[in-house]
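Let me begin by presenting the structure, written as structure tokens, before commenting on it.
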Amino acid sequence: MARDYTIGRGEVHFARFLPGTTTRTGYRYLGNTPEFSLTLESETLDHYNSDRGIREKDASVTIEVTRSGTIATDEINNENVSMFLFSANGAEVITSAGGAVTGYAIADVIPGQSYPLGVDAADPVGALSIAYPGTGPTAFAVKKGATVFTAGDDYVYTPASALLKIIDGGAILKGDDITVDFTELAYSYELVKSGSEPVTGALKFVTYNPIGPDRIFTFPYVSISPNGDWNLKGDEWQQLPLNFEILRLGDLEAIYMNGAPFTP
């Protein structure tokens, strides 16, 4: 007799829906997923006959079913992070044309603290790539009125963090209002912005089991949300824990599972 003992392995693929629709895009491989599981729960309404003798159940109907699952991925790419952060648009590419900035104002500074450059009401990230120290008209300069401060003695700019630190004990004093001249370079970067709604789309789980039959699970409509902690610092491989709720899409069933095609 054949024994279908199984050790589970497989790949998870996700296709986002276009914003505001249930029209899916192409499937994207999530990368390595140490965990993928399904949970199905149901609620029944029972009926009992109470006319004679003991009360006995004579009917039971299912009135509710909930289908869900969990995913853990250790591929910490921006698209996966966007699902964890409820990002409706996924990872966006932001482009800066660059250019000279004169007199960028930082008010009421405190020595020992650091300040980003280029931040405004619409952009909390600010300038990420600056010509430093620069030369001539593109030279990086920190000023208070006509006073020009000295790099290394009064301040230090760290390109890796894009922060300007005011040195404690330098010529820049607590409460000073300073300005910064700098040249922002042309560059692009990926940005993920958090949101407040789960990411929706279609999901496929393609098994590659070392033992047991292989199958493909298709979920035409799922809603993905975060499921716990993303440990940003530690001595273990990072993982993104995700929940997915399996929903019905029109007349389609919630789950399709197919085996390999065969010839009758």
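Here, A, B, ... name the chains of the structure tokens in the order displayed, residue numbers run from 1 inside each chain, and ligands are numbered from 1 in the same displayed order.
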
### Task
For region 241-256 of chain A, list every protein, DNA or RNA residue within 12 Å, evaluated using only C-alpha atoms, and leave out those in the same chain fewer than 6 positions away; present the list as a PyMOL selection string.
chain A and resi 14+21-24+30+33-41+65-76+80-86+198-206+215-231

### Task
Please provide the set of residues having any atom within 12 Å of region 134-144 of chain A, restricted to only C-alpha atoms, with same-chain residues fewer than 3 positions apart removed, written as number ranges by chain.
A: 98-109, 117, 130-131, 147-157, 164-166, 171-173, 175-185

### Task
Could you please write out, as a ChimeraX atom specification, every residue of region 115-255 of chain A that DSSP assigns to strand (DSSP E)?
/A:115-116,141-144,147-148,155-158,163-166,178-184,187-191,199-207,216-226,240-246

### Message
Report as a ChimeraX atom specification all protein, DNA and RNA residues lying within 12 Å of Ala160 (chain A), evaluated on only C-alpha atoms, omitting residues in the same chain fewer than 2 positions from it.
### Response
/A:116,127-130,132,157-158,162-164

Let me see the file: selected residues, N, CA and C atoms, as a PDB file, in the first residue's frame.
ATOM      1  N   PRO A 116      18.997  66.128  10.361  1.00  0.00           N
ATOM      2  CA  PRO A 116      18.988  65.829   8.927  1.00  0.00           C
ATOM      3  C   PRO A 116      18.928  67.124   8.123  1.00  0.00           C
ATOM      4  N   ALA A 127      17.575  65.023   2.422  1.00  0.00           N
ATOM      5  CA  ALA A 127      18.616  64.780   1.427  1.00  0.00           C
ATOM      6  C   ALA A 127      19.510  63.636   1.880  1.00  0.00           C
ATOM      7  N   LEU A 128      19.703  62.650   1.012  1.00  0.00           N
ATOM      8  CA  LEU A 128      20.479  61.461   1.368  1.00  0.00           C
ATOM      9  C   LEU A 128      21.867  61.431   0.737  1.00  0.00           C
ATOM     10  N   SER A 129      22.056  62.177  -0.333  1.00  0.00           N
ATOM     11  CA  SER A 129      23.358  62.168  -1.008  1.00  0.00           C
ATOM     12  C   SER A 129      23.791  63.611  -1.256  1.00  0.00           C
ATOM     13  N   ILE A 130      24.841  64.025  -0.542  1.00  0.00           N
ATOM     14  CA  ILE A 130      25.298  65.412  -0.564  1.00  0.00           C
ATOM     15  C   ILE A 130      26.781  65.452  -0.900  1.00  0.00           C
ATOM     16  N   TYR A 132      30.127  66.255  -0.178  1.00  0.00           N
ATOM     17  CA  TYR A 132      30.776  66.624   1.088  1.00  0.00           C
ATOM     18  C   TYR A 132      32.241  66.208   1.054  1.00  0.00           C
ATOM     19  N   TYR A 157      29.628  66.121   9.603  1.00  0.00           N
ATOM     20  CA  TYR A 157      28.565  65.562   8.768  1.00  0.00           C
ATOM     21  C   TYR A 157      28.949  64.136   8.398  1.00  0.00           C
ATOM     22  N   THR A 158      28.027  63.185   8.621  1.00  0.00           N
ATOM     23  CA  THR A 158      28.283  61.773   8.350  1.00  0.00           C
ATOM     24  C   THR A 158      27.442  61.340   7.152  1.00  0.00           C
ATOM     25  N   ALA A 162      23.524  60.537   6.861  1.00  0.00           N
ATOM     26  CA  ALA A 162      22.979  61.804   6.352  1.00  0.00           C
ATOM     27  C   ALA A 162      22.557  62.718   7.496  1.00  0.00           C
ATOM     28  N   LEU A 163      23.390  62.762   8.550  1.00  0.00           N
ATOM     29  CA  LEU A 163      23.096  63.597   9.709  1.00  0.00           C
ATOM     30  C   LEU A 163      24.253  64.566   9.977  1.00  0.00           C
ATOM     31  N   LEU A 164      23.868  65.780  10.357  1.00  0.00           N
ATOM     32  CA  LEU A 164      24.819  66.809  10.762  1.00  0.00           C
ATOM     33  C   LEU A 164      24.830  66.849  12.294  1.00  0.00           C
TER      34      LEU A 164
END

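Candidate residues A:Val61, A:Ala2, A:Ala97, A:Ile7 were compared for distance to Pro210 (chain A), and the nearest is A:Ile7, using only C-alpha atoms.
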